[in-house]
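Below: input11.cif (mmCIF, C-alpha atoms)
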data_my_file
#
loop_
_atom_site.label_atom_id
_atom_site.label_comp_id
_atom_site.auth_asym_id
_atom_site.auth_seq_id
_atom_site.Cartn_x
_atom_site.Cartn_y
_atom_site.Cartn_z
CA MET A 228 67.05 39.42 9.31
CA SER A 229 63.43 38.37 9.68
CA PHE A 230 61.89 35.15 8.45
CA THR A 231 58.41 35.19 6.99
CA TYR A 232 57.01 32.07 5.40
CA SER A 233 53.51 30.91 4.51
CA ASN A 234 52.53 27.24 4.66
CA LEU A 235 49.71 27.96 2.22
CA ASN A 236 49.90 27.21 -1.49
CA GLU A 237 49.32 30.40 -3.45
CA ARG A 238 47.86 28.37 -6.33
CA GLY A 239 44.98 27.06 -4.22
CA PRO A 240 43.29 23.69 -4.88
CA GLY A 241 43.12 22.34 -8.41
CA ARG A 242 39.98 22.54 -10.52
CA VAL A 243 39.14 18.85 -10.12
CA VAL A 244 39.51 18.90 -6.34
CA SER A 245 37.43 22.07 -6.09
CA LYS A 246 34.59 20.54 -8.11
CA LEU A 247 34.64 17.27 -6.18
CA ALA A 248 34.58 19.16 -2.88
CA TRP A 249 31.22 20.63 -3.82
CA VAL A 250 29.58 17.21 -4.15
CA LEU A 251 31.58 14.91 -1.86
CA PRO A 252 31.40 15.78 1.86
CA GLY A 253 34.51 13.73 2.69
CA ILE A 254 36.69 15.74 0.32
CA ARG A 255 35.11 18.99 1.48
CA SER A 256 35.78 18.09 5.13
CA VAL A 257 39.44 17.32 4.52
CA GLN A 258 39.96 20.38 2.31
CA ALA A 259 38.60 22.53 5.14
CA GLN A 260 41.68 21.57 7.13
CA VAL A 261 44.15 23.16 4.72
CA GLU A 262 44.10 26.77 5.93
CA PRO A 263 43.94 26.14 9.71
CA TYR A 264 46.63 23.46 9.54
CA ALA A 265 48.89 25.79 7.55
CA GLN A 266 48.37 28.52 10.14
CA TRP A 267 49.13 26.06 12.95
CA TRP A 268 52.44 25.12 11.37
CA ALA A 269 53.35 28.75 10.66
CA GLU A 270 52.96 29.50 14.37
CA SER A 271 54.88 26.35 15.27
CA ASN A 272 57.68 27.44 12.93
CA ARG A 273 57.98 30.80 14.66
CA ARG A 274 58.36 29.05 18.01
CA ALA A 275 60.97 26.69 16.52
CA LEU A 276 63.08 29.57 15.23
CA ASP A 277 62.81 31.41 18.54
CA SER A 278 63.79 28.33 20.53
CA GLY A 279 67.51 28.49 19.78
CA ARG A 280 67.51 24.73 19.26
CA GLY A 281 68.85 22.79 16.30
CA LEU A 282 66.30 22.35 13.53
CA TRP A 283 64.70 19.42 11.79
CA VAL A 284 63.56 20.93 8.47
CA VAL A 285 60.56 19.23 6.85
CA LEU A 286 60.16 19.58 3.07
CA GLY A 287 57.05 18.32 1.33
CA ASP A 288 53.34 18.57 0.62
CA SER A 289 50.03 17.92 2.38
CA MET A 290 51.29 14.62 3.82
CA SER A 291 53.80 16.57 5.90
CA GLN A 292 51.14 19.11 6.87
CA GLY A 293 49.11 16.24 8.36
CA ILE A 294 46.08 16.88 6.16
CA GLY A 295 43.53 14.16 6.87
CA ALA A 296 44.59 13.73 10.50
CA SER A 297 42.37 14.78 13.39
CA ALA A 298 44.75 17.65 14.24
CA PRO A 299 47.91 19.16 12.68
CA ASP A 300 50.13 17.42 15.24
CA ARG A 301 48.57 14.02 14.49
CA GLY A 302 50.22 13.79 11.07
CA TRP A 303 53.45 11.82 10.74
CA VAL A 304 55.59 14.84 11.64
CA GLY A 305 53.66 15.57 14.82
CA GLN A 306 53.49 11.93 15.86
CA LEU A 307 57.24 11.56 15.35
CA LEU A 308 57.83 14.63 17.51
CA ALA A 309 55.58 13.19 20.22
CA GLU A 310 57.70 10.03 20.43
CA PRO A 311 61.04 11.12 18.99
CA PRO A 312 63.85 8.71 18.17
CA PRO A 313 67.25 9.72 19.58
CA ARG A 314 68.18 11.37 16.26
CA ILE A 315 65.66 14.21 16.69
CA GLU A 316 65.52 14.49 20.47
CA GLY A 317 66.03 18.13 21.39
CA LEU A 318 65.42 19.40 17.85
CA ALA A 319 62.66 21.82 16.88
CA ALA A 320 60.70 21.13 13.69
CA LEU A 321 60.66 23.77 10.97
CA ASN A 322 57.92 22.51 8.66
CA LEU A 323 58.17 24.17 5.24
CA SER A 324 55.66 21.87 3.54
CA PHE A 325 52.39 23.06 2.04
CA THR A 326 49.37 21.37 0.50
CA GLY A 327 49.57 20.85 -3.25
CA ALA A 328 53.35 21.28 -3.36
CA ARG A 329 55.22 19.74 -6.28
CA VAL A 330 58.89 18.94 -6.71
CA ASP A 331 59.51 22.34 -8.30
CA ASP A 332 57.98 24.03 -5.23
CA VAL A 333 60.51 22.33 -2.99
CA ALA A 334 63.35 23.24 -5.36
CA GLY A 335 62.20 26.87 -5.32
CA ARG A 336 60.26 28.23 -2.39
CA GLN A 337 61.05 25.58 0.21
CA LEU A 338 64.80 25.28 -0.43
CA ASP A 339 65.05 29.07 -0.63
CA ALA A 340 63.52 29.26 2.85
CA LEU A 341 65.89 26.57 4.14
CA GLU A 342 68.89 28.46 2.82
CA LEU A 343 67.65 31.72 4.34
CA VAL A 344 67.28 30.07 7.74
CA ARG A 345 70.80 28.67 7.47
CA ASP A 346 72.17 32.09 6.44
CA GLN A 347 70.55 33.57 9.54
CA GLY A 348 72.71 31.29 11.69
CA HIS A 349 70.18 28.62 12.67
CA ARG A 350 71.60 25.11 13.00
CA ILE A 351 69.97 22.67 10.58
CA GLU A 352 70.58 19.21 12.00
CA LEU A 353 68.24 17.12 9.82
CA VAL A 354 66.26 17.50 6.60
CA THR A 355 63.47 15.18 5.47
CA LEU A 356 61.84 15.18 2.03
CA LEU A 357 58.51 13.61 1.09
CA ILE A 358 57.42 14.90 -2.32
CA GLY A 359 56.26 13.76 -5.75
CA ASN A 360 52.71 12.58 -5.23
CA ASN A 361 51.11 15.70 -6.71
CA ASP A 362 53.42 15.52 -9.73
CA LEU A 363 52.48 11.87 -10.24
CA MET A 364 48.77 12.73 -10.36
CA SER A 365 49.21 15.34 -13.09
CA PRO A 366 49.86 14.23 -16.70
CA ARG A 367 51.57 17.58 -17.29
CA TRP A 368 54.02 17.41 -14.39
CA ARG A 369 54.53 13.66 -14.57
CA LYS A 370 56.37 14.11 -17.87
CA THR A 371 59.16 16.14 -16.27
CA LEU A 372 59.08 14.57 -12.81
CA ASP A 373 62.17 12.37 -13.07
CA ALA A 374 64.37 15.22 -14.30
CA SER A 375 62.97 17.63 -11.71
CA MET A 376 63.48 15.16 -8.87
CA SER A 377 67.02 14.35 -9.97
CA ALA A 378 67.90 18.05 -10.01
CA LEU A 379 66.31 18.54 -6.58
CA LEU A 380 68.22 15.62 -5.07
CA ASP A 381 71.46 17.17 -6.32
CA ARG A 382 70.69 20.25 -4.21
CA VAL A 383 69.29 19.00 -0.90
CA PRO A 384 71.77 18.88 2.01
CA GLU A 385 73.86 15.78 2.55
CA GLY A 386 72.16 13.38 4.94
CA THR A 387 68.65 14.36 3.80
CA VAL A 388 66.13 11.57 4.40
CA VAL A 389 64.19 11.06 1.15
CA ALA A 390 60.92 9.11 1.05
CA THR A 391 60.07 6.85 -1.86
CA GLN A 392 56.59 6.69 -3.39
CA PRO A 393 54.39 3.71 -2.49
CA GLY A 394 52.35 3.63 -5.71
CA PHE A 395 52.40 0.71 -8.13
CA GLN A 396 52.20 2.77 -11.34
CA ARG A 397 55.14 2.87 -13.74
CA ALA A 398 55.78 6.56 -13.09
CA ALA A 399 56.15 5.93 -9.34
CA ALA A 400 58.62 3.13 -10.00
CA SER A 401 60.59 5.41 -12.32
CA LEU A 402 60.67 8.14 -9.65
CA ASN A 403 61.88 5.66 -7.05
CA ALA A 404 64.67 4.63 -9.42
CA VAL A 405 65.73 8.29 -9.61
CA ILE A 406 65.88 8.39 -5.80
CA GLU A 407 67.93 5.19 -5.65
CA ASP A 408 70.36 6.58 -8.24
CA ALA A 409 70.77 9.80 -6.23
CA VAL A 410 71.52 7.80 -3.08
CA ARG A 411 74.31 6.00 -4.96
CA ARG A 412 75.78 9.35 -6.04
CA ARG A 413 75.37 11.33 -2.82
CA PRO A 414 75.17 10.68 0.94
CA LEU A 415 71.37 10.66 1.20
CA VAL A 416 69.14 8.30 3.18
CA VAL A 417 66.02 6.48 1.89
CA ALA A 418 62.84 6.14 3.91
CA ASP A 419 61.26 3.32 1.94
CA PHE A 420 57.47 3.66 1.71
CA ARG A 421 57.11 0.96 -0.93
CA VAL A 422 55.39 -2.38 -0.44
CA PRO A 423 55.71 -4.30 1.83
CA HIS A 424 56.51 -1.47 4.25
CA MET A 425 53.22 0.39 3.66
CA ARG A 426 51.11 -2.41 2.19
CA ASP A 427 47.73 -2.24 3.96
CA TRP A 428 45.86 1.09 4.01
CA ARG A 429 42.49 -0.34 5.10
CA GLY A 430 41.17 1.77 7.96
CA ARG A 431 44.07 4.19 7.58
CA LEU A 432 42.61 6.75 5.17
CA ALA A 433 40.78 10.01 5.88
CA GLN A 434 37.28 10.81 4.67
CA ASP A 435 38.55 11.83 1.24
CA HIS A 436 39.97 8.30 0.76
CA PHE A 437 43.27 9.83 -0.30
CA HIS A 438 45.09 11.34 2.67
CA PRO A 439 46.01 9.19 5.68
CA ASN A 440 44.10 9.44 8.93
CA ASP A 441 45.74 9.29 12.37
CA ARG A 442 46.38 5.55 12.01
CA GLY A 443 47.87 5.94 8.55
CA TYR A 444 50.15 8.70 9.72
CA ALA A 445 51.18 6.57 12.71
CA GLY A 446 52.44 3.96 10.26
CA MET A 447 54.38 6.59 8.35
CA ALA A 448 55.87 7.99 11.56
CA SER A 449 56.93 4.49 12.60
CA LEU A 450 58.69 3.90 9.28
CA VAL A 451 60.55 7.23 9.44
CA ARG A 452 61.42 6.58 13.10
CA ASP A 453 63.06 3.31 12.12
CA THR A 454 64.87 5.00 9.22
CA LEU A 455 66.31 7.73 11.44
CA GLN A 456 68.37 5.28 13.41
CA GLY A 457 71.97 6.09 12.51
CA VAL A 458 71.22 9.12 10.36
CA HIS A 459 74.02 11.72 10.50
CA SER A 460 73.71 15.50 10.66
CA ALA A 461 72.71 17.48 7.58
CA GLY A 462 75.46 19.07 5.55
#
Would you put the structure from the file into structure tokens?
Amino acid sequence: MSFTYSNLNERGPGRVVSKLAWVLPGIRSVQAQVEPYAQWWAESNRRALDSGRGLWVVLGDSMSQGIGASAPDRGWVGQLLAEPPPRIEGLAALNLSFTGARVDDVAGRQLDALELVRDQGHRIELVTLLIGNNDLMSPRWRKTLDASMSALLDRVPEGTVVATQPGFQRAAASLNAVIEDAVRRRPLVVADFRVPHMRDWRGRLAQDHFHPNDRGYAGMASLVRDTLQGVHSAG
């Protein structure tokens, strides 16, 4: 069986982002990264599947694509691979994330791809999940976010490392409570991005003042690196 997967979001950027990109050079500059970074990861994924090595499967959105970093491999995923903790030494990264992804995209397209890879006989040794930020920014999707995330966390493999949301808003706190409840019910692992772990973002944001830059992603990679100590294989 073949494996074809696009790291591009078929929906494209939202209307607000598209309008802002016309007038704000910083947003336009960062948005210009989306297509080439997606292509870079698609090529990296092909090499990972051809390598015969165990896989670290990355589920998520633009944060896991490294959007805002100076290069695709300077996001948190790439920086973690460059200085891997023992848990991922020898693994190849299969990055299924794409910019603009929501929780439902992980539950559908990304998990479908993970299951196909497993059915093809590839060894999935670790799964990480960083998702929810795009849902939180949308009044429409925020209403159903907790239920969608709970359902997703019932489906991800055992041992999946799930990142919390760092935001202070009530919806972020509610989402984090859903994650904590899932961890009590299932053998999942939390990568805690809440304050004080990711408190200070000064000098760590890209030109759009939303996505991290290389320094911001370094902080994320460091937090996940610490979390991965003692993490067991995916189920």
| remark: Residue with the minimum atom-to-atom distance to Thr371 of chain A, picked from A:Val261, A:Val354, A:Leu432, A:Leu402 with all atoms listed in the file counted, is A:Leu402
| request: Kindly give the distance, in Å, that separates atom CA of Leu450 of chain A and atom CA of Phe420 of chain A, rounded to a single decimal. | output: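 According to the coordinates, atom CA of Leu450 of chain A and atom CA of Phe420 of chain A are separated by 7.7 Å.
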| field | Point-to-point distance from atom CA of Gly295 of chain A to atom CA of Asn440 of chain A, Å rounded to tenths | value |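 Between these atoms lies a distance of 5.2 Å.
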| task | Mind checking which residues fall within 10 Å of Gly394 of chain A, counting only C-alpha atoms, ignoring those fewer than 3 positions away in the same chain, and posting them as a VMD selection string? | result | chain A and resid 360 363 391 397 to 400 403 420 to 422 425
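Around Arg274 of chain A, within 10 Å and counting only C-alpha atoms, the residues found are A:Trp268, A:Ala269, A:Gly279, A:Ala319, A:Ala320, A:Leu321, once anything fewer than 5 positions away on its own chain is removed.
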Selection to disk with C-alpha atoms, as a PDB file, in the coordinates of the input:
ATOM      1  CA  TRP A 268      52.440  25.120  11.370  1.00  0.00           C
ATOM      2  CA  ALA A 269      53.350  28.750  10.660  1.00  0.00           C
ATOM      3  CA  GLY A 279      67.510  28.490  19.780  1.00  0.00           C
ATOM      4  CA  ALA A 319      62.660  21.820  16.880  1.00  0.00           C
ATOM      5  CA  ALA A 320      60.700  21.130  13.690  1.00  0.00           C
ATOM      6  CA  LEU A 321      60.660  23.770  10.970  1.00  0.00           C
TER       7      LEU A 321
END
With the cut-off set at 8 Å and counting all atoms listed in the file, tabulate each residue of segment 342-405 of chain A with an atom at most that distance from an atom of segment 328-333 of chain A, showing the nearest atom pair and its distance in Å to one decimal, ordered by chain and increasing number, as a Markdown table.
| residue | atom | partner | partner_atom | distance |
| --- | --- | --- | --- | --- |
| A:Ile358 | CA | A:Val330 | CA | 6.1 |
| A:Gly359 | CA | A:Val330 | CA | 5.9 |
| A:Asn360 | CA | A:Arg329 | CA | 7.7 |
| A:Asn361 | CA | A:Arg329 | CA | 5.8 |
| A:Asp362 | CA | A:Arg329 | CA | 5.7 |
| A:Leu372 | CA | A:Val330 | CA | 7.5 |
| A:Ser375 | CA | A:Val330 | CA | 6.6 |
| A:Met376 | CA | A:Val330 | CA | 6.3 |
| A:Leu379 | CA | A:Val330 | CA | 7.4 |
| Closest of A:Leu341, A:Ala309, A:Leu323, A:Met364 to Phe437 of chain A - atom-to-atom distances counting only C-alpha atoms | A:Met364
Starting from the displayed file, determine the output of the PyMOL selection byres ((chain A and resi 436) around 12) and express the residue list as a short mmCIF file (atom, residue, chain, number, x, y, z; two decimals) with C-alpha atoms, in the coordinates of the input.
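Wrote selection_24.cif, looks like this:
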data_model
loop_
_atom_site.label_atom_id
_atom_site.label_comp_id
_atom_site.auth_asym_id
_atom_site.auth_seq_id
_atom_site.Cartn_x
_atom_site.Cartn_y
_atom_site.Cartn_z
CA LEU A 251 31.58 14.91 -1.86
CA PRO A 252 31.40 15.78 1.86
CA GLY A 253 34.51 13.73 2.69
CA ILE A 254 36.69 15.74 0.32
CA ARG A 255 35.11 18.99 1.48
CA SER A 256 35.78 18.09 5.13
CA VAL A 257 39.44 17.32 4.52
CA ILE A 294 46.08 16.88 6.16
CA GLY A 295 43.53 14.16 6.87
CA TRP A 428 45.86 1.09 4.01
CA ARG A 429 42.49 -0.34 5.10
CA GLY A 430 41.17 1.77 7.96
CA ARG A 431 44.07 4.19 7.58
CA LEU A 432 42.61 6.75 5.17
CA ALA A 433 40.78 10.01 5.88
CA GLN A 434 37.28 10.81 4.67
CA ASP A 435 38.55 11.83 1.24
CA PHE A 437 43.27 9.83 -0.30
CA HIS A 438 45.09 11.34 2.67
CA PRO A 439 46.01 9.19 5.68
CA ASN A 440 44.10 9.44 8.93
CA GLY A 443 47.87 5.94 8.55
#
| query | What residues come out when you apply the PyMOL selection byres ((chain A and resi 314) around 8) to this file, written as number ranges by chain? | reply | A: 311-313, 315-316, 455-458
| task | Just give me the gap between atom CA of Ala445 of chain A and atom CA of Ala275 of chain A in Å, one decimal is fine. | result |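 So the two atoms, atom CA of Ala445 of chain A and atom CA of Ala275 of chain A, lie 22.7 Å apart.
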Around all the atoms of segment 384-389 of chain A listed in the file, draw an axis-aligned box and extend it by 5 Å on each of the six sides; I want its centre and edge lengths in Å to one decimal, as JSON.
{"center_x": 69.0, "center_y": 15.0, "center_z": 3.0, "size_x": 19.7, "size_y": 17.8, "size_z": 13.8}
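Across the chains present, the PyMOL selection byres ((chain A and resi 237) around 10) applied to this file returns Ser233, Asn234, Leu235, Asn236, Arg238, Gly239, Pro240, Phe325, Thr326, Gly327 and Ala328 of chain A.
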Selected residues written out with C-alpha atoms, as a CSV table (one decimal), keeping the file's coordinate frame:
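As written to disk, out_30.csv reads:
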chain,number,residue,atom,x,y,z
A,233,SER,CA,53.5,30.9,4.5
A,234,ASN,CA,52.5,27.2,4.7
A,235,LEU,CA,49.7,28.0,2.2
A,236,ASN,CA,49.9,27.2,-1.5
A,238,ARG,CA,47.9,28.4,-6.3
A,239,GLY,CA,45.0,27.1,-4.2
A,240,PRO,CA,43.3,23.7,-4.9
A,325,PHE,CA,52.4,23.1,2.0
A,326,THR,CA,49.4,21.4,0.5
A,327,GLY,CA,49.6,20.8,-3.2
A,328,ALA,CA,53.4,21.3,-3.4
| said: Could you check the closest approach to Leu282 of chain A for each of A:Asp339, A:Glu352, A:Asp453, A:Glu262 and tell me which residue wins, using all atoms listed in the file? | reply: A:Glu352
| said: My list of candidates is A:Val410, A:Ala296, A:Ala404, A:Arg369. Which is closest to Ala259 of chain A when distances are computed with only C-alpha atoms? | reply: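 Distance minimum relative to Ala259 of chain A lands on A:Ala296.
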| remark: From the list A:Gly348, A:Gln266, A:Gln337, A:Ser401, the nearest residue to Gly287 of chain A using only C-alpha atoms is A:Gln337
| remark: Between A:Leu338, A:Val344, A:Ala409, A:Leu357, smallest distance to Val304 of chain A by only C-alpha atoms belongs to A:Leu357
